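Colleague: Structure file query15.txt, compact mmCIF, C-alpha atoms and all ligand atoms, is pasted below:
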# COMPACT_ATOMS: atom_id res chain seq x y z
CA MET F 1 168.78 -85.97 -94.68
CA SER F 2 168.54 -82.54 -93.12
CA ALA F 3 167.05 -81.12 -89.94
CA PHE F 4 165.02 -78.68 -92.02
CA VAL F 5 161.63 -80.25 -92.76
CA TYR F 6 158.05 -79.17 -93.30
CA THR F 7 155.74 -79.47 -90.32
CA ASN F 8 152.11 -78.53 -90.94
CA GLY F 9 153.20 -76.94 -94.21
CA GLN F 10 155.88 -74.78 -92.62
CA LEU F 11 159.61 -75.27 -93.09
CA GLY F 12 161.58 -75.32 -89.87
CA ALA F 13 163.94 -77.27 -87.63
CA GLU F 14 163.68 -78.72 -84.15
CA GLY F 15 160.14 -77.38 -83.80
CA VAL F 16 161.01 -73.80 -84.75
CA ALA F 17 159.45 -72.42 -87.94
CA LEU F 18 161.75 -70.45 -90.22
CA ALA F 19 159.00 -67.85 -90.59
CA GLU F 20 159.38 -67.21 -86.84
CA VAL F 21 163.14 -66.80 -87.23
CA ALA F 22 162.56 -64.27 -90.01
CA ALA F 23 160.01 -62.42 -87.91
CA ASN F 24 162.47 -62.17 -85.01
CA TYR F 25 165.75 -61.52 -86.74
CA GLY F 26 164.93 -60.39 -90.28
CA THR F 27 166.47 -61.56 -93.53
CA PRO F 28 168.88 -62.48 -94.99
CA CYS F 29 169.75 -64.78 -92.14
CA TYR F 30 171.71 -68.00 -91.79
CA VAL F 31 169.94 -70.59 -89.64
CA TYR F 32 171.63 -73.66 -88.16
CA SER F 33 170.36 -76.66 -86.25
CA ARG F 34 172.40 -77.70 -83.23
CA ALA F 35 170.86 -81.19 -83.22
CA GLU F 36 171.90 -81.73 -86.83
CA ILE F 37 175.49 -80.59 -86.16
CA GLU F 38 175.76 -82.92 -83.19
CA GLN F 39 174.21 -85.83 -85.03
CA ARG F 40 176.70 -85.50 -87.93
CA TRP F 41 179.69 -85.27 -85.59
CA ASN F 42 178.47 -88.18 -83.48
CA ALA F 43 178.00 -90.34 -86.58
CA PHE F 44 181.70 -89.98 -87.47
CA ASN F 45 182.77 -90.48 -83.90
CA ALA F 46 180.67 -93.60 -83.37
CA ALA F 47 181.89 -95.12 -86.63
CA PHE F 48 185.43 -95.25 -85.22
CA ALA F 49 184.33 -97.32 -82.23
CA GLY F 50 187.37 -98.67 -80.40
CA GLN F 51 189.90 -97.24 -82.85
CA ALA F 52 192.27 -94.46 -81.73
CA HIS F 53 191.03 -91.44 -83.62
CA LEU F 54 190.49 -87.70 -83.55
CA LEU F 55 187.86 -85.69 -85.39
CA CYS F 56 189.34 -82.34 -86.30
CA TYR F 57 186.45 -80.25 -87.61
CA ALA F 58 187.67 -78.00 -90.45
CA VAL F 59 187.02 -74.56 -88.98
CA LYS F 60 187.00 -72.81 -92.34
CA ALA F 61 183.70 -74.48 -93.30
CA ASN F 62 181.84 -72.45 -90.65
CA SER F 63 183.81 -70.63 -88.00
CA ASN F 64 181.10 -68.99 -85.88
CA ILE F 65 182.22 -69.39 -82.26
CA ALA F 66 178.85 -70.84 -81.23
CA VAL F 67 179.28 -73.59 -83.83
CA LEU F 68 182.82 -74.26 -82.63
CA ASN F 69 181.60 -74.31 -79.04
CA VAL F 70 178.90 -76.89 -79.82
CA LEU F 71 181.64 -79.11 -81.30
CA ALA F 72 184.16 -78.40 -78.52
CA ARG F 73 181.55 -79.56 -75.98
CA LEU F 74 181.42 -82.88 -77.84
CA GLY F 75 185.20 -83.16 -77.44
CA SER F 76 186.02 -82.31 -81.03
CA GLY F 77 189.44 -81.40 -82.31
CA PHE F 78 189.86 -78.70 -84.94
CA ASP F 79 191.67 -78.25 -88.23
CA ILE F 80 192.78 -74.65 -88.62
CA VAL F 81 194.40 -72.71 -91.45
CA SER F 82 195.27 -69.45 -89.71
CA VAL F 83 195.91 -67.88 -86.33
CA GLY F 84 192.51 -66.23 -86.61
CA GLU F 85 190.96 -69.69 -86.60
CA LEU F 86 193.18 -70.74 -83.67
CA GLU F 87 191.91 -67.76 -81.69
CA ARG F 88 188.31 -68.69 -82.52
CA VAL F 89 188.92 -72.27 -81.32
CA ILE F 90 190.46 -71.08 -78.06
CA ARG F 91 187.69 -68.54 -77.39
CA SER F 92 185.08 -71.25 -78.04
CA GLY F 93 186.56 -73.52 -75.40
CA GLY F 94 188.35 -75.82 -77.85
CA ASP F 95 191.45 -77.69 -76.68
CA PRO F 96 194.62 -76.50 -78.50
CA ALA F 97 196.12 -79.96 -77.88
CA LYS F 98 193.50 -81.26 -80.34
CA VAL F 99 194.29 -78.73 -83.06
CA VAL F 100 196.05 -79.51 -86.33
CA PHE F 101 197.34 -76.60 -88.38
CA SER F 102 196.94 -77.00 -92.15
CA GLY F 103 197.62 -74.59 -94.97
CA VAL F 104 200.09 -73.91 -97.70
CA GLY F 105 201.21 -70.49 -96.48
CA LYS F 106 201.66 -70.35 -92.72
CA ARG F 107 203.39 -67.15 -91.68
CA ARG F 108 206.26 -67.31 -89.20
CA ASP F 109 204.29 -65.38 -86.54
CA GLU F 110 201.42 -67.83 -86.97
CA MET F 111 203.79 -70.77 -86.41
CA GLN F 112 205.09 -69.07 -83.28
CA GLU F 113 201.58 -68.51 -81.89
CA ALA F 114 200.49 -72.07 -82.62
CA LEU F 115 203.65 -73.51 -81.03
CA LYS F 116 203.09 -71.39 -77.93
CA ALA F 117 199.47 -72.57 -77.75
CA GLY F 118 200.68 -76.20 -77.76
CA ILE F 119 198.82 -77.51 -80.80
CA LYS F 120 198.82 -81.20 -81.64
CA CYS F 121 200.43 -81.03 -85.06
CA PHE F 122 201.61 -78.83 -87.92
CA ASN F 123 200.66 -80.25 -91.31
CA VAL F 124 203.71 -79.08 -93.24
CA GLU F 125 203.58 -78.58 -96.99
CA SER F 126 207.18 -77.82 -98.07
CA VAL F 127 210.86 -78.00 -97.13
CA ALA F 128 210.88 -74.21 -96.78
CA GLU F 129 208.07 -74.42 -94.25
CA LEU F 130 209.97 -77.12 -92.32
CA GLU F 131 213.02 -74.87 -92.19
CA HIS F 132 211.01 -71.90 -90.92
CA LEU F 133 209.29 -74.02 -88.29
CA ASN F 134 212.57 -75.59 -87.15
CA LEU F 135 214.11 -72.14 -86.65
CA ILE F 136 211.11 -70.80 -84.78
CA ALA F 137 210.94 -73.84 -82.50
CA ALA F 138 214.68 -73.52 -81.83
CA GLY F 139 214.14 -69.88 -80.81
CA SER F 140 211.72 -71.05 -78.11
CA SER F 141 213.68 -74.22 -77.27
CA LEU F 142 210.66 -76.28 -78.31
CA GLN F 143 210.01 -79.27 -80.54
CA ALA F 144 207.41 -78.73 -83.25
CA PRO F 145 205.17 -81.77 -83.81
CA VAL F 146 204.90 -82.35 -87.55
CA SER F 147 203.05 -84.32 -90.21
CA LEU F 148 203.96 -83.88 -93.83
CA ARG F 149 201.05 -83.20 -96.14
CA VAL F 150 201.65 -85.46 -99.09
CA ASN F 151 200.06 -84.76 -102.45
CA PRO F 152 199.11 -88.23 -103.67
CA ASP F 153 198.40 -87.08 -107.27
CA VAL F 154 194.91 -88.54 -107.55
CA ASP F 155 192.12 -87.22 -109.72
CA VAL F 156 188.87 -86.23 -108.07
CA ASP F 157 185.55 -85.65 -109.78
CA THR F 158 184.70 -82.31 -108.23
CA HIS F 159 184.82 -78.65 -109.22
CA PRO F 160 188.43 -77.85 -110.31
CA TYR F 161 188.62 -75.06 -107.70
CA ILE F 162 188.16 -77.59 -104.88
CA ALA F 163 190.41 -80.39 -106.19
CA THR F 164 193.67 -80.25 -104.22
CA GLY F 165 195.35 -83.62 -104.72
CA LEU F 166 196.70 -83.32 -108.27
CA LYS F 167 200.37 -82.68 -108.83
CA GLU F 168 199.66 -79.37 -110.59
CA ASN F 169 197.87 -78.08 -107.44
CA LYS F 170 199.79 -75.86 -105.01
CA PHE F 171 199.04 -78.16 -102.08
CA GLY F 172 201.26 -80.69 -100.35
CA ILE F 173 204.62 -82.30 -101.01
CA PRO F 174 204.84 -84.22 -104.30
CA TYR F 175 204.43 -87.93 -103.66
CA GLU F 176 207.79 -88.85 -105.17
CA ASP F 177 209.62 -86.30 -102.97
CA ALA F 178 207.90 -87.25 -99.74
CA LEU F 179 210.37 -89.87 -98.47
CA SER F 180 213.36 -87.57 -98.88
CA VAL F 181 211.52 -84.71 -97.17
CA TYR F 182 210.70 -87.08 -94.26
CA GLN F 183 214.44 -87.77 -93.99
CA ILE F 184 215.20 -84.04 -93.97
CA ALA F 185 212.55 -83.48 -91.29
CA ALA F 186 213.83 -86.35 -89.16
CA GLY F 187 217.28 -84.73 -89.18
CA MET F 188 216.06 -81.38 -87.87
CA ARG F 189 216.69 -80.85 -84.15
CA HIS F 190 213.51 -78.96 -83.38
CA ILE F 191 211.14 -80.95 -85.56
CA ASN F 192 209.38 -83.98 -84.15
CA VAL F 193 207.91 -86.11 -86.94
CA ILE F 194 204.72 -87.74 -85.67
CA GLY F 195 202.44 -88.33 -88.62
CA ILE F 196 201.44 -88.15 -92.24
CA ASP F 197 198.66 -86.15 -93.84
CA CYS F 198 196.78 -85.66 -97.08
CA HIS F 199 193.69 -83.78 -98.24
CA ILE F 200 192.65 -84.39 -101.82
CA GLY F 201 189.73 -82.01 -102.28
CA SER F 202 186.20 -81.23 -101.26
CA GLN F 203 182.64 -82.35 -102.10
CA ILE F 204 183.87 -85.85 -103.04
CA THR F 205 180.84 -88.14 -103.29
CA VAL F 206 182.43 -91.54 -104.04
CA MET F 207 185.00 -93.55 -102.06
CA GLU F 208 187.30 -94.38 -104.95
CA PRO F 209 189.58 -91.29 -104.92
CA PHE F 210 189.92 -91.52 -101.13
CA ILE F 211 190.86 -95.18 -101.41
CA ASN F 212 193.35 -94.50 -104.21
CA ALA F 213 194.98 -91.73 -102.20
CA LEU F 214 195.08 -93.67 -98.94
CA GLU F 215 196.52 -96.79 -100.55
CA ARG F 216 199.33 -94.64 -101.91
CA LEU F 217 199.77 -93.14 -98.45
CA GLN F 218 199.93 -96.63 -96.93
CA GLN F 219 202.74 -97.61 -99.33
CA LEU F 220 204.60 -94.44 -98.45
CA ILE F 221 204.23 -95.12 -94.71
CA SER F 222 205.87 -98.51 -95.23
CA SER F 223 208.93 -96.99 -96.86
CA ILE F 224 209.10 -94.17 -94.29
CA GLU F 225 209.05 -96.71 -91.47
CA GLU F 226 211.62 -98.90 -93.26
CA ASN F 227 213.84 -95.85 -93.06
CA GLY F 228 213.55 -95.80 -89.30
CA ILE F 229 211.03 -92.94 -89.00
CA SER F 230 207.95 -93.90 -87.04
CA ILE F 231 204.48 -92.64 -87.85
CA ARG F 232 202.00 -92.34 -85.01
CA HIS F 233 199.01 -90.86 -86.76
CA VAL F 234 197.52 -90.80 -90.23
CA ASP F 235 195.52 -87.66 -91.04
CA ILE F 236 193.33 -88.34 -94.06
CA GLY F 237 192.01 -84.77 -94.38
CA GLY F 238 188.41 -83.88 -95.10
CA GLY F 239 186.46 -83.70 -98.32
CA LEU F 240 183.53 -86.07 -97.88
CA GLY F 241 180.68 -84.64 -99.95
CA ILE F 242 177.06 -83.98 -99.08
CA ASN F 243 173.74 -84.14 -100.87
CA TYR F 244 173.01 -80.80 -102.53
CA LYS F 245 170.82 -82.05 -105.37
CA ASN F 246 170.80 -85.79 -105.94
CA GLU F 247 174.28 -86.87 -104.85
CA THR F 248 174.55 -90.04 -102.79
CA PRO F 249 177.81 -89.66 -100.87
CA PRO F 250 179.09 -92.49 -98.68
CA THR F 251 177.72 -92.40 -95.14
CA ALA F 252 180.04 -91.58 -92.25
CA ILE F 253 180.14 -95.24 -91.31
CA ASP F 254 180.97 -96.49 -94.83
CA TYR F 255 183.64 -93.85 -95.14
CA VAL F 256 185.27 -94.66 -91.81
CA LYS F 257 185.09 -98.42 -92.37
CA SER F 258 186.90 -98.28 -95.70
CA VAL F 259 189.56 -96.04 -94.23
CA GLN F 260 190.04 -98.40 -91.32
CA GLN F 261 190.45 -101.33 -93.69
CA ILE F 262 193.35 -99.64 -95.47
CA PHE F 263 195.22 -98.88 -92.27
CA SER F 264 194.30 -102.03 -90.37
CA GLY F 265 197.97 -103.10 -90.55
CA GLY F 266 199.30 -100.43 -88.21
CA PRO F 267 198.45 -99.11 -84.76
CA TYR F 268 197.86 -95.62 -86.08
CA GLU F 269 195.63 -92.97 -84.66
CA ILE F 270 193.38 -91.87 -87.53
CA ILE F 271 192.62 -88.17 -87.83
CA ILE F 272 189.84 -86.87 -90.07
CA GLU F 273 189.14 -83.23 -90.92
CA PRO F 274 185.50 -83.07 -91.99
CA GLY F 275 183.99 -79.63 -92.61
CA ARG F 276 181.21 -79.67 -95.17
CA SER F 277 179.93 -83.12 -94.14
CA ILE F 278 179.24 -81.82 -90.63
CA MET F 279 177.91 -78.33 -91.34
CA GLY F 280 176.63 -78.30 -94.94
CA ASN F 281 173.17 -79.70 -94.36
CA ALA F 282 172.91 -78.27 -90.85
CA GLY F 283 172.16 -74.80 -92.18
CA VAL F 284 170.02 -72.78 -94.58
CA LEU F 285 170.11 -69.21 -95.79
CA LEU F 286 166.76 -67.56 -95.20
CA THR F 287 165.84 -64.83 -97.67
CA ARG F 288 162.81 -62.77 -98.68
CA VAL F 289 161.53 -61.98 -102.16
CA GLU F 290 161.91 -58.23 -102.74
CA SER F 291 160.29 -58.11 -106.14
CA LEU F 292 159.43 -60.12 -109.20
CA LYS F 293 160.60 -59.08 -112.64
CA ARG F 294 159.10 -60.76 -115.65
CA THR F 295 160.57 -60.24 -119.12
CA SER F 296 159.73 -61.87 -122.42
CA HIS F 297 162.81 -64.09 -121.95
CA LYS F 298 162.91 -64.86 -118.26
CA ASN F 299 161.36 -64.37 -114.88
CA PHE F 300 163.53 -63.12 -112.06
CA ALA F 301 162.80 -63.38 -108.38
CA ILE F 302 164.93 -60.67 -106.81
CA VAL F 303 165.64 -61.61 -103.21
CA ASP F 304 167.40 -59.85 -100.32
CA ALA F 305 170.30 -62.32 -100.18
CA ALA F 306 173.03 -62.14 -102.78
CA MET F 307 176.40 -63.49 -103.86
CA ASN F 308 178.04 -61.49 -101.07
CA ASP F 309 176.02 -63.61 -98.61
CA LEU F 310 176.38 -66.96 -100.39
CA LEU F 311 179.21 -67.06 -102.90
CA ARG F 312 179.07 -70.72 -103.90
CA PRO F 313 176.74 -70.40 -106.91
CA ALA F 314 178.86 -67.56 -108.35
CA LEU F 315 182.25 -69.08 -107.52
CA TYR F 316 181.69 -72.79 -108.17
CA ASP F 317 178.50 -72.72 -110.22
CA ALA F 318 177.14 -74.64 -107.23
CA TRP F 319 173.53 -75.82 -107.06
CA HIS F 320 171.53 -75.22 -103.89
CA ASP F 321 167.96 -76.33 -103.46
CA ILE F 322 165.63 -73.38 -102.87
CA LEU F 323 162.49 -74.15 -100.89
CA PRO F 324 159.48 -71.96 -100.14
CA VAL F 325 159.13 -71.53 -96.37
CA TYR F 326 155.38 -72.18 -96.75
CA LYS F 327 154.95 -75.47 -98.56
CA GLN F 328 153.69 -75.44 -102.14
CA ALA F 329 152.51 -78.32 -104.28
CA PRO F 330 155.63 -79.37 -106.24
CA GLY F 331 155.88 -78.08 -109.81
CA GLN F 332 153.49 -75.20 -109.10
CA GLY F 333 154.13 -71.67 -110.31
CA GLU F 334 156.53 -70.25 -112.85
CA VAL F 335 160.18 -70.74 -113.70
CA PHE F 336 162.37 -68.14 -112.01
CA ASP F 337 166.02 -67.27 -111.74
CA VAL F 338 166.47 -66.45 -108.08
CA VAL F 339 168.91 -63.53 -108.00
CA GLY F 340 170.27 -60.94 -105.59
CA PRO F 341 170.59 -57.17 -105.99
CA VAL F 342 174.41 -57.13 -106.50
CA CYS F 343 175.71 -55.57 -109.70
CA GLU F 344 177.19 -58.74 -111.20
CA THR F 345 175.66 -61.20 -113.63
CA ALA F 346 177.21 -63.92 -111.45
CA ASP F 347 174.91 -62.81 -108.65
CA PHE F 348 172.40 -65.63 -108.63
CA LEU F 349 171.38 -68.15 -105.98
CA GLY F 350 169.58 -70.54 -108.32
CA LYS F 351 168.52 -70.67 -111.94
CA ASP F 352 165.36 -72.05 -113.55
CA ARG F 353 163.51 -72.89 -110.34
CA THR F 354 159.83 -73.60 -110.49
CA LEU F 355 158.13 -71.69 -107.68
CA ALA F 356 154.88 -69.91 -107.03
CA LEU F 357 156.04 -66.53 -105.73
CA THR F 358 154.72 -63.19 -104.66
CA GLU F 359 156.57 -60.25 -103.15
CA GLY F 360 157.45 -60.75 -99.51
CA ASP F 361 157.60 -64.55 -99.71
CA LEU F 362 160.26 -66.31 -97.68
CA LEU F 363 162.66 -68.78 -99.29
CA ALA F 364 165.25 -71.08 -97.78
CA VAL F 365 168.44 -71.70 -99.72
CA CYS F 366 169.33 -75.19 -98.52
CA SER F 367 172.65 -76.86 -97.67
CA ALA F 368 174.17 -73.49 -96.80
CA GLY F 369 175.70 -74.38 -93.42
CA ALA F 370 179.20 -74.85 -94.83
CA TYR F 371 181.13 -72.32 -96.93
CA GLY F 372 178.18 -69.96 -96.58
CA PHE F 373 178.48 -67.17 -94.03
CA CYS F 374 182.24 -67.65 -93.68
CA MET F 375 182.77 -66.80 -97.36
CA SER F 376 180.46 -63.80 -97.24
CA SER F 377 181.65 -60.26 -97.84
CA THR F 378 180.26 -56.74 -97.73
CA TYR F 379 180.55 -56.24 -101.51
CA ASN F 380 178.20 -53.49 -102.70
CA SER F 381 178.33 -52.19 -99.09
CA ARG F 382 175.86 -54.79 -97.94
CA PRO F 383 176.14 -55.46 -94.19
CA ARG F 384 176.65 -59.15 -93.51
CA ALA F 385 173.67 -61.30 -92.58
CA SER F 386 172.84 -62.46 -89.08
CA GLU F 387 173.28 -66.05 -87.92
CA VAL F 388 170.81 -67.92 -85.73
CA MET F 389 171.17 -71.31 -84.04
CA ILE F 390 168.11 -73.38 -83.30
CA ASP F 391 168.53 -75.48 -80.18
CA LYS F 392 165.79 -77.65 -78.68
CA GLY F 393 162.89 -75.53 -79.81
CA ARG F 394 164.56 -72.21 -79.06
CA MET F 395 166.43 -69.79 -81.28
CA PHE F 396 169.56 -67.86 -80.48
CA GLU F 397 171.14 -65.09 -82.50
CA ILE F 398 174.78 -66.19 -82.63
CA ARG F 399 175.90 -63.29 -84.79
CA LYS F 400 174.12 -59.98 -85.08
CA ARG F 401 173.35 -58.50 -88.46
CA GLU F 402 176.02 -55.94 -89.26
CA THR F 403 175.08 -52.27 -89.03
CA LEU F 404 176.14 -49.41 -91.29
CA ASP F 405 178.67 -48.45 -88.60
CA ASP F 406 180.11 -51.97 -88.68
CA LEU F 407 180.38 -51.62 -92.42
CA MET F 408 182.71 -48.62 -92.16
CA MET F 409 184.52 -49.72 -89.01
CA GLY F 410 188.17 -48.73 -89.11
CA GLU F 411 187.81 -46.42 -92.09
CA THR F 412 188.80 -42.74 -91.72
CA LEU F 413 188.66 -39.58 -93.80
CA LEU F 414 191.86 -37.79 -94.81
CA PRO F 415 192.60 -34.64 -92.74
CA ASP F 416 191.35 -31.30 -94.05
CA VAL F 417 194.66 -29.83 -95.11
C1 LIG X 501 189.03 -77.43 -96.56
C2 LIG X 501 189.83 -78.46 -95.87
C3 LIG X 501 189.19 -79.47 -95.12
C4 LIG X 501 187.69 -79.61 -95.05
O1 LIG X 501 187.16 -80.00 -96.28
P1 LIG X 501 185.60 -80.42 -96.37
O2 LIG X 501 185.43 -80.70 -97.81
O3 LIG X 501 184.82 -79.24 -95.91
O4 LIG X 501 185.41 -81.60 -95.52
C5 LIG X 501 189.97 -80.36 -94.43
N1 LIG X 501 191.33 -80.29 -94.46
C6 LIG X 501 191.97 -79.34 -95.18
C7 LIG X 501 193.45 -79.32 -95.18
C8 LIG X 501 191.25 -78.40 -95.92
O5 LIG X 501 191.90 -77.48 -96.62
What's the C-alpha cells form of this structure?
Modeller:
Amino acid sequence: MSAFVYTNGQLGAEGVALAEVAANYGTPCYVYSRAEIEQRWNAFNAAFAGQAHLLCYAVKANSNIAVLNVLARLGSGFDIVSVGELERVIRSGGDPAKVVFSGVGKRRDEMQEALKAGIKCFNVESVAELEHLNLIAAGSSLQAPVSLRVNPDVDVDTHPYIATGLKENKFGIPYEDALSVYQIAAGMRHINVIGIDCHIGSQITVMEPFINALERLQQLISSIEENGISIRHVDIGGGLGINYKNETPPTAIDYVKSVQQIFSGGPYEIIIEPGRSIMGNAGVLLTRVESLKRTSHKNFAIVDAAMNDLLRPALYDAWHDILPVYKQAPGQGEVFDVVGPVCETADFLGKDRTLALTEGDLLAVCSAGAYGFCMSSTYNSRPRASEVMIDKGRMFEIRKRETLDDLMMGETLLPDV
C-alpha cells in the first residue's frame, strides 16, 4: 500500500533506508517518496481515460514546493485556499490556468491576485463572496470564472472536524438556495458561471456519501440548466480516504468509475481535488527515542517528534501506525505510549503500541505525508522538522530544519527608553 517497506530488515523507500536519512539529516524529519506520489496521481489520471477531466491536487495537504513541482511536472492542476498557496503553485512551475480557488473566506486582495494570475475557477461559497468578486472583476474589466460550492447536506462517517457537507457546517451554499444563487450569479456582469462544486469532507472510506452528494448535485444541475444556465464542469472536491489502520477505501479507479456513472448524461469536464489520497501514504515522520519512562501504570517512549510536528493525533484523535526502523518480530517488547516532549497531555503520537525499544531507536510514524508538516508549528519554541524527498535511490533535503534564528525571525526587542 505504501512505498515504505522493509528490505533486509530495514525500513526504507525506493532503495533508501530511513536510517540513512536520519544519519544524514537528523530527526525529526518528514520523508516522502516521489515514486509513490507519482503512482497515486497517475492512478487517478489513468482512471479517467478518455473523459475530459482535471486533477486539482489540494495544496493544503502538503504544500512543500518540491511536492508541488513533482505534481506540476505530471501536468497536475491545483486546488488552493489562499494566495500563499497560489504563490507556491506558481513558484513550483504549476499552471495558474489549472488552479481552482476554494475556501469560505477569500479576502478581496486574494481575489484580485488570483484574477490577475488567470486562474481557472473561483469556487464561490456565498452571495456576499459573489458580490465582492463581481466588483473586483469590474475594477479590472475582467470576467471572473465561477463555480458555486453547494453544500449537499449529506452525512459522512468521519471525524466531525473534517465533515464539511452538513447544513450546520460553515461551508458552501445551502442546497435549497443554490438555484436562486445561480440565477443571481448569472445576472452579474463580471461573473462568468462555468461550473458547480462540492466537497463533503475528508478521510471518507466508503463511496456512499460521495454518491449521495453527487446524485443531489446531478439533480441540481438539471434544474440549473433548465433555467438556461449552462454548466461546463463538475468539481466533486476531494475527501477520498486512505488506509491508516485497517480502512479499505475505494481505489482510485472504483472512485472515478462511480463518479463517471453519475455524470454520464452530460458532457461535463470532471474536476477532482484529492489531497490526502495522493500524499498521505507517500510520507512518514521519522523520529528518535530520547528516553524511556516506565511507571507502575504505563510505559512512555519519549521521542523527539511531538504534536507541534504532527498534530493529527492531538487534534483528531487520529491513529498512525508506528514502525521500528529496524524490523522486530511482531508483538515483541512492551506496551508504550509514544509521546513527545511538549507540555500538553494531548502531545502523543500513538498510544498502547507494542514495541521493543531502547534509547536512540528510530521509529517511523506512518501515513504522515498529508496534513503532517503543513500543520506543524513551533509551539514550545521547537524549530520545525526538515523534509526529505527520496527519488530513485537518492535523497534530497527539500526543506531544511529550522534554526534558532529562524525561530525568532521577525521578532524584535522594545527600544531601551
Ligand atoms: C481539504 C480540501 C480538499 C482535499 O481533501 P482531502 O481529504 O485531502 O482529499 C479538497 N477540496 C477542498 C475544498 C478542501 O477543503
Colleague: What does the distance between atom CA of Ile272 of chain F and atom CA of Ala138 of chain F come to in Å, to one decimal place?
Modeller: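 Distance reported for this atom pair: 29.4 Å.
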Colleague: Go ahead and fit an axis-aligned box to every listed atom of segment 184-188 of chain F plus 6 Å each side, and pass me the centre and edge lengths in Å, one decimal, as lines of an AutoDock Vina configuration file.
Modeller:
center_x = 214.9
center_y = -83.9
center_z = -90.9
size_x = 16.7
size_y = 17.0
size_z = 18.1
Colleague: Write out as an NGL selection string which residues come within 7 Å of Cys366 of chain F when counting only C-alpha atoms, dropping same-chain ones fewer than 2 positions away.
Modeller: :F and (283-285 or 320-322 or 364 or 368)
Colleague: Which residues of chain F sit at most 8 Å from ligand LIG 501 (chain X), using only C-alpha atoms and all ligand atoms? Give each one's shortest atom pair and distance in Å (one decimal place), in chain and ascending residue order, as CSV.
Modeller:
residue,atom,partner,partner_atom,distance
F:Tyr57,CA,X:LIG501,C4,7.6
F:Ala58,CA,X:LIG501,C4,4.9
F:Val59,CA,X:LIG501,C4,7.9
F:Lys60,CA,X:LIG501,C1,6.6
F:Ala61,CA,X:LIG501,O3,5.5
F:Asp79,CA,X:LIG501,N1,6.6
F:Val81,CA,X:LIG501,O5,7.5
F:Ser102,CA,X:LIG501,C7,5.2
F:Gly103,CA,X:LIG501,C7,6.3
F:Cys198,CA,X:LIG501,C7,7.4
F:His199,CA,X:LIG501,C7,5.4
F:Gly201,CA,X:LIG501,O2,6.3
F:Ser202,CA,X:LIG501,O2,3.6
F:Gln203,CA,X:LIG501,O2,5.4
F:Ile204,CA,X:LIG501,O2,7.5
F:Gly237,CA,X:LIG501,N1,4.5
F:Gly238,CA,X:LIG501,O4,3.8
F:Gly239,CA,X:LIG501,O2,3.2
F:Leu240,CA,X:LIG501,O4,5.4
F:Gly241,CA,X:LIG501,O2,6.5
F:Ile272,CA,X:LIG501,C5,7.8
F:Glu273,CA,X:LIG501,C5,4.6
F:Pro274,CA,X:LIG501,O4,3.8
F:Gly275,CA,X:LIG501,O3,3.4
F:Arg276,CA,X:LIG501,O3,3.7
F:Ser277,CA,X:LIG501,O4,5.9
F:Ile278,CA,X:LIG501,O4,7.9
F:Ala370,CA,X:LIG501,O3,7.2
F:Tyr371,CA,X:LIG501,O3,7.9
Colleague: Report the distance between atom CA of Lys351 of chain F and atom CA of Lys298 of chain F in Å, rounded to one decimal place.
Modeller: 10.3 Å
Colleague: Measure the distance from atom CA of Asn8 of chain F to atom CA of Gly280 of chain F in Å and round it to one decimal.
Modeller: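 Between these atoms lies a distance of 24.8 Å.
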Colleague: Extract, using all atoms listed in the file, all DNA, RNA and protein residues at most 10 Å from Asp309 of chain F, discarding same-chain residues fewer than 3 positions from it, and format them as a count of residues only.
Modeller: 22
Colleague: I want to know what sits within 6 Å of Gln143 of chain F, based on only C-alpha atoms, with residues of the same chain fewer than 4 positions away left out; could you give that as a CSV table (one decimal) with C-alpha atoms, keeping the file's coordinate frame?
Modeller:
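Below you can see selection_33.csv, which holds the result:
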chain,number,residue,atom,x,y,z
F,137,ALA,CA,210.9,-73.8,-82.5
F,190,HIS,CA,213.5,-79.0,-83.4
F,191,ILE,CA,211.1,-81.0,-85.6
F,192,ASN,CA,209.4,-84.0,-84.2
Colleague: Would you please work out which residue, of F:Val67, F:Phe48, F:Glu290, F:Trp319, is nearest to Asn246 of chain F when using all atoms listed in the file?
Modeller: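 Between F:Val67, F:Phe48, F:Glu290, F:Trp319, the residue approaching Asn246 of chain F most closely is F:Trp319.
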Colleague: Can you complete the atoms of segment 327-333 of chain F to N, CA, C and O atoms and list them as a short mmCIF file (atom, residue, chain, number, x, y, z; two decimals), in the coordinates of the input?
Modeller:
data_model
loop_
_atom_site.label_atom_id
_atom_site.label_comp_id
_atom_site.auth_asym_id
_atom_site.auth_seq_id
_atom_site.Cartn_x
_atom_site.Cartn_y
_atom_site.Cartn_z
N LYS F 327 154.94 -74.39 -97.57
CA LYS F 327 154.95 -75.47 -98.56
C LYS F 327 154.01 -75.20 -99.74
O LYS F 327 152.89 -74.73 -99.57
N GLN F 328 154.51 -75.53 -100.94
CA GLN F 328 153.69 -75.44 -102.14
C GLN F 328 153.62 -76.83 -102.76
O GLN F 328 154.53 -77.63 -102.57
N ALA F 329 152.55 -77.06 -103.53
CA ALA F 329 152.51 -78.32 -104.28
C ALA F 329 153.67 -78.29 -105.28
O ALA F 329 153.90 -77.26 -105.92
N PRO F 330 154.46 -79.39 -105.37
CA PRO F 330 155.63 -79.37 -106.24
C PRO F 330 155.24 -79.08 -107.69
O PRO F 330 154.17 -79.48 -108.15
N GLY F 331 156.11 -78.36 -108.39
CA GLY F 331 155.88 -78.08 -109.81
C GLY F 331 154.90 -76.94 -110.05
O GLY F 331 154.59 -76.61 -111.18
N GLN F 332 154.44 -76.30 -108.95
CA GLN F 332 153.49 -75.20 -109.10
C GLN F 332 154.22 -73.90 -109.42
O GLN F 332 155.35 -73.71 -109.01
N GLY F 333 153.57 -73.00 -110.12
CA GLY F 333 154.13 -71.67 -110.31
C GLY F 333 154.83 -71.47 -111.62
O GLY F 333 154.47 -72.11 -112.61
#
